[in-house]
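Working notes, structure below.
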Amino acid sequence: VQLQASGGGLVQPGGSLRLSCAASGFDFANYAIGWFRQAPGKGREGLVCMNGNRGTVDYLHHGRFTVSRDNAKNTAYLQMVRLEAEDTAVYYCARAEICAHDYDIWGSGTQVTVSS
C-alpha cells in the first residue's frame, strides 16, 4: 500500500502548479485522498480532500486549491493557482476511508517553493 506525491518545484508568486498523488496496493476508488502541507517551523495543515464518490472537503476555504482524481489511473491531483510565498511547504497526500476521518497511509512529500 503506497502513495507517492510528485510535481513540486519552484514557481513564481501568482503562478500555478499541479501536484499528483499516485496510489498503489489498494482499491483507490473506494478511499478518500486528502492533501496536506507542512511549512518550515509550522505544524501540518489540511488543504482539501476528495472522497471516493468525488464529494470534496475544502479545509482552507480560499478557493485557490482544487482536488481531483482519476480512478482509472489511481491518481489524485492538487491544482494550485495564484500561489503565494506563504504556500511554500512540503505537500503530502494521504488516504482515509472518508474525508475528515483518520488518515492511515501517507505519501512521501513533494517540495513546493514559491519565490521570485
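Ligands are numbered from 1 in the order shown, residues from 1 within each chain, and chains are lettered A, B, ... in the order they appear in the C-alpha cells.
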
Non-local contacts of segment 7-11 of chain A (12 Å; only C-alpha atoms; under 2 positions in same chain excluded) as a compact mmCIF listing (two decimals) with N, CA, C and O atoms, in the first residue's frame:
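part.txt, written as the output of this step:
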# COMPACT_ATOMS: atom_id res chain seq x y z
N GLN A 4 2.45 8.18 -3.44
CA GLN A 4 3.63 8.95 -3.78
C GLN A 4 3.23 10.27 -4.42
O GLN A 4 2.61 10.28 -5.49
N ALA A 5 3.56 11.36 -3.75
CA ALA A 5 3.28 12.69 -4.27
C ALA A 5 4.43 13.15 -5.15
O ALA A 5 5.60 12.86 -4.88
N PRO A 13 5.55 33.76 -7.55
CA PRO A 13 4.27 34.21 -6.96
C PRO A 13 3.26 34.51 -8.06
O PRO A 13 3.60 35.11 -9.09
N GLY A 14 2.04 34.09 -7.82
CA GLY A 14 0.99 34.25 -8.82
C GLY A 14 0.88 33.10 -9.80
O GLY A 14 -0.08 33.02 -10.57
N GLY A 15 1.84 32.21 -9.76
CA GLY A 15 1.85 31.09 -10.68
C GLY A 15 0.97 29.94 -10.22
O GLY A 15 0.32 30.00 -9.18
N SER A 16 0.97 28.89 -11.03
CA SER A 16 0.15 27.70 -10.77
C SER A 16 1.03 26.45 -10.78
O SER A 16 2.11 26.44 -11.38
N LEU A 17 0.52 25.42 -10.14
CA LEU A 17 1.23 24.16 -10.09
C LEU A 17 0.22 23.05 -9.86
O LEU A 17 -0.78 23.26 -9.15
N ARG A 18 0.45 21.90 -10.46
CA ARG A 18 -0.42 20.75 -10.22
C ARG A 18 0.42 19.61 -9.64
O ARG A 18 1.40 19.17 -10.26
N LEU A 19 0.03 19.17 -8.49
CA LEU A 19 0.68 18.03 -7.85
C LEU A 19 -0.10 16.76 -8.15
O LEU A 19 -1.32 16.80 -8.34
N SER A 20 0.61 15.64 -8.17
CA SER A 20 -0.01 14.34 -8.39
C SER A 20 0.25 13.44 -7.19
O SER A 20 1.27 13.58 -6.51
N CYS A 21 -0.68 12.53 -6.95
CA CYS A 21 -0.55 11.54 -5.89
C CYS A 21 -0.88 10.19 -6.50
O CYS A 21 -2.05 9.89 -6.76
N ALA A 22 0.14 9.39 -6.73
CA ALA A 22 -0.04 8.08 -7.33
C ALA A 22 -0.22 7.03 -6.24
O ALA A 22 0.59 6.96 -5.30
N ARG A 37 -0.08 20.03 3.95
CA ARG A 37 1.24 20.63 3.76
C ARG A 37 1.85 20.96 5.13
O ARG A 37 1.14 21.08 6.13
N ALA A 76 -4.59 10.99 -7.75
CA ALA A 76 -5.29 12.20 -7.34
C ALA A 76 -4.40 13.40 -7.66
O ALA A 76 -3.18 13.28 -7.78
N TYR A 77 -5.05 14.55 -7.79
CA TYR A 77 -4.31 15.74 -8.18
C TYR A 77 -4.67 16.90 -7.25
O TYR A 77 -5.78 16.97 -6.71
N LEU A 78 -3.74 17.81 -7.10
CA LEU A 78 -3.98 19.05 -6.39
C LEU A 78 -3.58 20.19 -7.32
O LEU A 78 -2.40 20.36 -7.62
N GLN A 79 -4.57 20.92 -7.79
CA GLN A 79 -4.31 22.07 -8.64
C GLN A 79 -4.25 23.31 -7.76
O GLN A 79 -5.19 23.60 -7.02
N MET A 80 -3.15 24.03 -7.86
CA MET A 80 -2.95 25.22 -7.05
C MET A 80 -2.76 26.42 -7.96
O MET A 80 -1.97 26.37 -8.91
N VAL A 81 -3.50 27.48 -7.70
CA VAL A 81 -3.40 28.68 -8.52
C VAL A 81 -3.13 29.89 -7.63
O VAL A 81 -3.30 29.83 -6.41
N ARG A 82 -2.68 30.96 -8.27
CA ARG A 82 -2.38 32.22 -7.57
C ARG A 82 -1.52 31.95 -6.34
O ARG A 82 -1.81 32.40 -5.23
N LEU A 83 -0.46 31.22 -6.54
CA LEU A 83 0.39 30.82 -5.43
C LEU A 83 1.08 32.02 -4.79
O LEU A 83 1.44 32.99 -5.48
N GLU A 84 1.26 31.91 -3.48
CA GLU A 84 1.88 32.97 -2.68
C GLU A 84 3.09 32.41 -1.96
O GLU A 84 3.22 31.19 -1.80
N ALA A 85 3.96 33.30 -1.52
CA ALA A 85 5.16 32.84 -0.81
C ALA A 85 4.79 31.98 0.40
O ALA A 85 5.49 31.04 0.75
N ASP A 87 2.67 29.82 0.61
CA ASP A 87 2.32 28.46 0.21
C ASP A 87 3.55 27.56 0.15
O ASP A 87 3.42 26.35 -0.11
N THR A 88 4.73 28.11 0.35
CA THR A 88 5.95 27.30 0.37
C THR A 88 5.90 26.29 1.49
O THR A 88 5.71 26.64 2.66
N ALA A 89 6.04 25.02 1.13
CA ALA A 89 5.91 23.94 2.11
C ALA A 89 6.19 22.62 1.43
O ALA A 89 6.33 22.55 0.21
N VAL A 90 6.27 21.58 2.24
CA VAL A 90 6.26 20.21 1.71
C VAL A 90 4.81 19.76 1.68
O VAL A 90 4.09 19.88 2.68
N TYR A 91 4.39 19.26 0.54
CA TYR A 91 3.00 18.85 0.34
C TYR A 91 2.90 17.33 0.35
O TYR A 91 3.72 16.63 -0.26
N TYR A 92 1.87 16.85 1.03
CA TYR A 92 1.66 15.41 1.19
C TYR A 92 0.24 15.03 0.77
O TYR A 92 -0.69 15.81 0.93
N SER A 108 5.00 10.11 0.45
CA SER A 108 6.19 10.94 0.57
C SER A 108 5.84 12.35 0.11
O SER A 108 4.98 12.53 -0.74
N GLY A 109 6.45 13.33 0.69
CA GLY A 109 6.14 14.71 0.37
C GLY A 109 6.83 15.20 -0.88
O GLY A 109 7.81 14.61 -1.36
N THR A 110 6.31 16.29 -1.40
CA THR A 110 6.94 16.96 -2.53
C THR A 110 7.07 18.45 -2.19
O THR A 110 6.12 19.06 -1.71
N GLN A 111 8.24 19.00 -2.41
CA GLN A 111 8.53 20.37 -2.00
C GLN A 111 7.97 21.35 -3.02
O GLN A 111 8.22 21.23 -4.22
N VAL A 112 7.26 22.34 -2.53
CA VAL A 112 6.78 23.46 -3.35
C VAL A 112 7.40 24.73 -2.79
O VAL A 112 7.25 25.03 -1.60
N THR A 113 8.09 25.45 -3.63
CA THR A 113 8.71 26.71 -3.22
C THR A 113 8.18 27.82 -4.12
O THR A 113 8.28 27.73 -5.35
N VAL A 114 7.60 28.82 -3.49
CA VAL A 114 7.05 29.96 -4.22
C VAL A 114 7.96 31.16 -3.96
O VAL A 114 8.04 31.67 -2.85
N SER A 115 8.67 31.56 -4.99
CA SER A 115 9.64 32.62 -4.82
C SER A 115 9.95 33.26 -6.17
O SER A 115 9.91 32.58 -7.20
N SER A 116 10.25 34.54 -6.13
CA SER A 116 10.66 35.22 -7.36
C SER A 116 12.18 35.21 -7.48
O SER A 116 12.72 35.72 -8.46

Can you list, as an MDAnalysis selection string, every protein, DNA or RNA residue that comes within 10 Å of His61 of chain A when you count only C-alpha atoms, leaving out same-chain residues fewer than 3 positions away? chainID A and resid 47:48 57:58 64:65

Using DSSP on the backbone, list every residue of segment 1-94 of chain A that comes out as strand (DSSP E), and give them as a PyMOL selection string. chain A and resi 2-6+9-11+17-24+32-38+44-50+56-58+65-70+75-80+89-94

Between atom CA of Asp104 of chain A and atom CA of His62 of chain A, what distance in Å does the model show, to one decimal?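 Atom CA of His62 of chain A lies at a distance of 26.2 Å from atom CA of Asp104 of chain A.
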
Calculated over only C-alpha atoms, which of the candidates A:Glu86, A:Leu60, A:Cys49, A:Asn74 has the smallest distance to Ala100 of chain A?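 Using only C-alpha atoms, Ala100 of chain A sits closest to A:Cys49.
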